[in-house]
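Since the structure comes first, as structure tokens, the remarks are kept for the end.
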Amino acid sequence: MARLRIAVTGKQGQVVTALIERAREHDVDILPVGRPELDLADPGSAHRALAAVAPDAIVNAAAYTAVDRAEQEPDLVLAVNGAGAGAVAAVAKRLAVPLVHLSTDYVFDGRKDRAYREEDEAAPLGAYGRSKRAGEVAVMEEAQNYAILRTAWVYSPFGANFLKTMLRIAKTRSEIAVVADQHGNPTCALDIADGVIGVVRNLMARPADLRLRGVFHMTASGETSWAGFAKAIFGASAALGGPAAAVKEISTAEYPTPARRPANSRLDCSKLLALHGLALPDWRAPIAQCVARVLSEPQPA
Ligand SMILES: NC(=O)c1ccc[n+]([C@@H]2O[C@H](COP(=O)([O-])OP(=O)(O)OC[C@H]3O[C@@H](n4cnc5c(N)ncnc54)[C@H](OP(=O)(O)O)[C@@H]3O)[C@@H](O)[C@H]2O)c1
């Protein structure tokens with residue numbers, strides 16, 4: 001049987017890189033489609049570029065992800081994450097292939113005192129969250145056989161992320177102040193890749209099962225704060241002889257940023273388990289291996 005050909009938007013993002021790495025294990029072909037051929041700010045490019053690879057399924061993993069910079073460029077972030085996502089969804093429908101679209105915990109305002117469920121009201125706090133919510137709505141309107149997977153606090157050995165930033169800063173500082181009053185689920189992009197491929201396979205295998213469609217939460221199990229995440233990173237790094245700093249717990253108010261962030265980012269992933277039969281590992285599980293990979297990379301001079 002021919003291998004499944006999954007087109008993924010973006011070329012160097014964390015999730016697309018993780019999908020490329022995990023492709024062999026899942027016996028699928030991952031076809032990255034990104035700039036310059038596909039620019040989400042130019043919806044017309046989506047059809048040309050994605051149709052050209054004739055995929056069996058599409059994953060929209062590309063997004064404008066610079067949360068703070070988005071406050072200065074609200075029109076661009078809305079075009080890329082909102083209309084751009086809608087354009088990718090329209091292509092999936094036209095090609096009659098399933099679509100998995102990635103979204104975020106930042107569609108919520110974080111005021112609930114429990115983990116967010118899919119049906120909870122979206123109330124984004126900033127331009128990035130608003131644009132991602134617009135993308136969800138566009139996908140719901142444009143796509144047919146689709147799943148929107150909301151994930152959170154993504155890290156990996158690739159690209160730019162909190163884990164890599166912590167390891168870099170710890171080389172020159174013995175103590176790092178980290179926010180302790182935002183809570184969420186740090187999620188490794190490699191585990192997201194496994195979950196995405198699982199959902200794609202389900203959508204392809206059971207196209208008439210409408211329960212597989214719609215919005216799902218997909219993060220690592222368990223929860224922590226950014227400070228708790230930093231401590232786990234430094235614990236793993238110290239065990240490997242890498243850089244480690246003491247973590248000073250601070251409040252969000254002591255670390256002002258251009259974009260407001262939800263205090264409670266926790267996502268309840270029980271719907272994904274119940275309907276797709278998928279659950280990602282505990283947030284602590286992938287950290288040591290990820291840290292080891294980052295430490296083994298050639299360091300910039
Ligand atoms: N990072 C997180 O903590 C986080 C949390 C929750 C949800 N998410 C969501 O998860 C998904 C994957 O995130 P990630 O961490 O893999 O993102 P990332 O590492 O920041 O990568 C972003 C990707 O989007 C591509 N991209 C950006 N603007 C584009 C444009 N105008 N046209 C085409 N491609 C464009 C980039 O292209 P290049 O390859 O050219 O650089 C890159 O491949 C996104 O939907 C994001 O919103 C992320």
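Residue numbering restarts at 1 for every chain of the structure tokens, chains are lettered A, B, ... in their displayed order, and ligands are numbered from 1 as they appear.
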
Problem set entry | segment 244-247 of chain A environment, 10 Å, only C-alpha atoms, sequence neighbours closer than 6 positions dropped, as a list in words |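 Contacts, in chain order: Met166, Leu167, Arg168, Ile169, Ala170, Lys171, Thr172, Arg173, Ser174, Glu175, Ile176, Ala177, Val178, Val179, Ala180, Ala227, Gly228, Ala230, Lys231, Ile233, Phe234, Gly235, Ala236, Ser237 and Ala238 of chain A.
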
Could those selected residues go to a file with N, CA and C atoms, as a compact mmCIF listing (two decimals), in the first residue's frame?
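Resulting contents of selection_26.txt:
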# COMPACT_ATOMS: atom_id res chain seq x y z
N MET A 166 16.10 28.83 28.34
CA MET A 166 16.58 28.60 29.72
C MET A 166 18.00 28.06 29.71
N LEU A 167 18.27 27.07 28.86
CA LEU A 167 19.62 26.48 28.82
C LEU A 167 20.66 27.52 28.37
N ARG A 168 20.26 28.39 27.45
CA ARG A 168 21.21 29.40 26.98
C ARG A 168 21.51 30.41 28.08
N ILE A 169 20.47 30.88 28.74
CA ILE A 169 20.67 31.92 29.77
C ILE A 169 21.47 31.35 30.95
N ALA A 170 21.24 30.08 31.27
CA ALA A 170 21.90 29.49 32.44
C ALA A 170 23.41 29.37 32.26
N LYS A 171 23.88 29.54 31.03
CA LYS A 171 25.35 29.49 30.82
C LYS A 171 26.03 30.69 31.45
N THR A 172 25.30 31.79 31.58
CA THR A 172 25.95 33.01 32.09
C THR A 172 25.32 33.52 33.38
N ARG A 173 24.29 32.85 33.90
CA ARG A 173 23.65 33.35 35.13
C ARG A 173 23.45 32.22 36.13
N SER A 174 23.64 32.53 37.40
CA SER A 174 23.47 31.49 38.41
C SER A 174 22.02 31.47 38.92
N GLU A 175 21.28 32.57 38.72
CA GLU A 175 19.88 32.61 39.16
C GLU A 175 19.04 33.25 38.06
N ILE A 176 17.88 32.66 37.79
CA ILE A 176 16.98 33.20 36.77
C ILE A 176 15.59 33.37 37.38
N ALA A 177 15.00 34.55 37.17
CA ALA A 177 13.65 34.80 37.67
C ALA A 177 12.64 34.28 36.65
N VAL A 178 11.71 33.44 37.11
CA VAL A 178 10.74 32.83 36.19
C VAL A 178 9.33 32.93 36.81
N VAL A 179 8.38 33.24 35.95
CA VAL A 179 7.00 33.43 36.39
C VAL A 179 6.43 32.13 36.98
N ALA A 180 5.84 32.25 38.17
CA ALA A 180 5.34 31.05 38.87
C ALA A 180 3.82 31.05 38.99
N ALA A 227 7.90 28.40 36.16
CA ALA A 227 9.01 28.19 37.11
C ALA A 227 9.23 26.69 37.33
N GLY A 228 8.14 25.93 37.46
CA GLY A 228 8.26 24.48 37.62
C GLY A 228 8.91 23.84 36.40
N ALA A 230 10.99 25.35 34.35
CA ALA A 230 12.42 25.72 34.36
C ALA A 230 13.20 24.83 35.33
N LYS A 231 12.62 24.57 36.49
CA LYS A 231 13.33 23.71 37.46
C LYS A 231 13.55 22.31 36.89
N ILE A 233 13.83 21.53 33.75
CA ILE A 233 14.85 21.64 32.69
C ILE A 233 16.25 21.66 33.33
N PHE A 234 16.40 22.46 34.39
CA PHE A 234 17.74 22.57 35.01
C PHE A 234 18.10 21.28 35.75
N GLY A 235 17.10 20.60 36.30
CA GLY A 235 17.37 19.30 36.94
C GLY A 235 17.94 18.31 35.93
N ALA A 236 17.29 18.27 34.76
CA ALA A 236 17.75 17.35 33.70
C ALA A 236 19.13 17.77 33.19
N SER A 237 19.33 19.07 33.05
CA SER A 237 20.61 19.56 32.53
C SER A 237 21.75 19.27 33.52
N ALA A 238 21.50 19.53 34.82
CA ALA A 238 22.54 19.28 35.83
C ALA A 238 22.94 17.80 35.84

Exercise. Got a sec to tell me which of segment 23-270 of chain A DSSP assigns to helix (DSSP H, G or I), as a ChimeraX atom specification?
Worked result: /A:23-26,43-52,69-71,74-95,105-107,127-142,162-169,189-205,210-212,226-239,252-254,270

Problem set entry | For ligand 1, the nearest of the candidates A:Val28, A:Ala61, A:Cys269, A:Ala85, counting only C-alpha atoms and all ligand atoms |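 Comparing A:Val28, A:Ala61, A:Cys269, A:Ala85 against ligand 1, the winner is A:Ala61.
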
For this session: Can you tell me which residues come within 8 Å of ligand 1 when counting only C-alpha atoms and all ligand atoms, ideally as JSON, numbers by chain?
Result: {"A": [9, 10, 11, 12, 13, 14, 15, 16, 17, 34, 35, 36, 38, 39, 40, 41, 42, 60, 61, 62, 63, 64, 65, 66, 80, 81, 84, 101, 102, 103, 104, 105, 106, 132, 150, 151, 152, 153, 154, 155, 158, 159, 160, 161, 189]}

For this session: Using only C-alpha atoms, pick whichever of A:Asp68, A:Asp181, A:Glu223, A:Glu142 has the shortest atom-to-atom distance to Gly126 of chain A.
Result: A:Asp68

Seminar exercise, completed: Separating atom CA of Leu19 of chain A from atom CA of Ala96 of chain A, to the nearest tenth of an Å, is a gap of 22.0 Å

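With only C-alpha atoms as the basis for measurement, A:Leu272 is the residue among A:Leu272, A:Ala87, A:Val33, A:Ala54 that approaches Leu149 of chain A most closely.
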
For this session: Skip Asp209 of chain A itself and residues of its chain fewer than 3 positions away, then list as a ChimeraX atom specification all residues within 12 Å of it, counting only C-alpha atoms.
Result: /A:145-146,202-206,212-214,275-276

Can those selected residues be exported to a file as an mmCIF file, in the first residue's frame so that it contains N, CA, C and O atoms?
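Output below, filename again_27.cif:
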data_model
loop_
_atom_site.group_PDB
_atom_site.id
_atom_site.type_symbol
_atom_site.label_atom_id
_atom_site.label_comp_id
_atom_site.auth_asym_id
_atom_site.auth_seq_id
_atom_site.Cartn_x
_atom_site.Cartn_y
_atom_site.Cartn_z
ATOM 1 N N ASN A 145 -13.807 17.782 6.470
ATOM 2 C CA ASN A 145 -13.302 16.717 7.335
ATOM 3 C C ASN A 145 -12.062 17.252 8.056
ATOM 4 O O ASN A 145 -10.951 17.162 7.549
ATOM 5 N N TYR A 146 -12.272 17.842 9.250
ATOM 6 C CA TYR A 146 -11.162 18.542 9.903
ATOM 7 C C TYR A 146 -11.154 18.288 11.407
ATOM 8 O O TYR A 146 -12.183 17.966 12.015
ATOM 9 N N ASN A 202 -6.944 8.636 11.845
ATOM 10 C CA ASN A 202 -8.347 8.410 12.225
ATOM 11 C C ASN A 202 -9.310 9.073 11.234
ATOM 12 O O ASN A 202 -10.312 8.481 10.831
ATOM 13 N N LEU A 203 -8.995 10.343 10.866
ATOM 14 C CA LEU A 203 -9.887 11.059 9.941
ATOM 15 C C LEU A 203 -9.943 10.349 8.589
ATOM 16 O O LEU A 203 -10.982 10.325 7.921
ATOM 17 N N MET A 204 -8.800 9.771 8.176
ATOM 18 C CA MET A 204 -8.767 9.082 6.880
ATOM 19 C C MET A 204 -9.488 7.742 6.959
ATOM 20 O O MET A 204 -10.179 7.340 6.016
ATOM 21 N N ALA A 205 -9.326 7.066 8.103
ATOM 22 C CA ALA A 205 -9.879 5.706 8.209
ATOM 23 C C ALA A 205 -11.390 5.722 8.422
ATOM 24 O O ALA A 205 -12.076 4.784 8.001
ATOM 25 N N ARG A 206 -11.886 6.782 9.082
ATOM 26 C CA ARG A 206 -13.329 6.790 9.411
ATOM 27 C C ARG A 206 -13.956 8.120 8.997
ATOM 28 O O ARG A 206 -14.443 8.885 9.831
ATOM 29 N N LEU A 212 -15.219 12.483 15.131
ATOM 30 C CA LEU A 212 -13.769 12.701 15.051
ATOM 31 C C LEU A 212 -13.438 14.124 14.624
ATOM 32 O O LEU A 212 -12.281 14.535 14.656
ATOM 33 N N ARG A 213 -14.467 14.866 14.164
ATOM 34 C CA ARG A 213 -14.240 16.225 13.660
ATOM 35 C C ARG A 213 -14.461 17.253 14.765
ATOM 36 O O ARG A 213 -15.109 16.956 15.765
ATOM 37 N N GLY A 214 -13.939 18.449 14.542
ATOM 38 C CA GLY A 214 -14.177 19.538 15.484
ATOM 39 C C GLY A 214 -12.935 19.891 16.277
ATOM 40 O O GLY A 214 -11.804 19.635 15.840
ATOM 41 N N LEU A 275 -12.511 10.112 22.022
ATOM 42 C CA LEU A 275 -12.978 9.959 20.637
ATOM 43 C C LEU A 275 -11.881 9.530 19.666
ATOM 44 O O LEU A 275 -12.141 8.785 18.728
ATOM 45 N N HIS A 276 -10.657 10.003 19.888
ATOM 46 C CA HIS A 276 -9.564 9.617 18.973
ATOM 47 C C HIS A 276 -8.670 8.533 19.581
ATOM 48 O O HIS A 276 -7.766 8.026 18.910
#

For this session: List every residue of segment 96-265 of chain A that DSSP, applied to the backbone of this structure, places in strand (DSSP E or B), and write the result as an MDAnalysis selection string.
Result: chainID A and resid 99:104 116 146:151 154:155 175:179 183:184 187:188 214:217 221 224:225 246:250 264
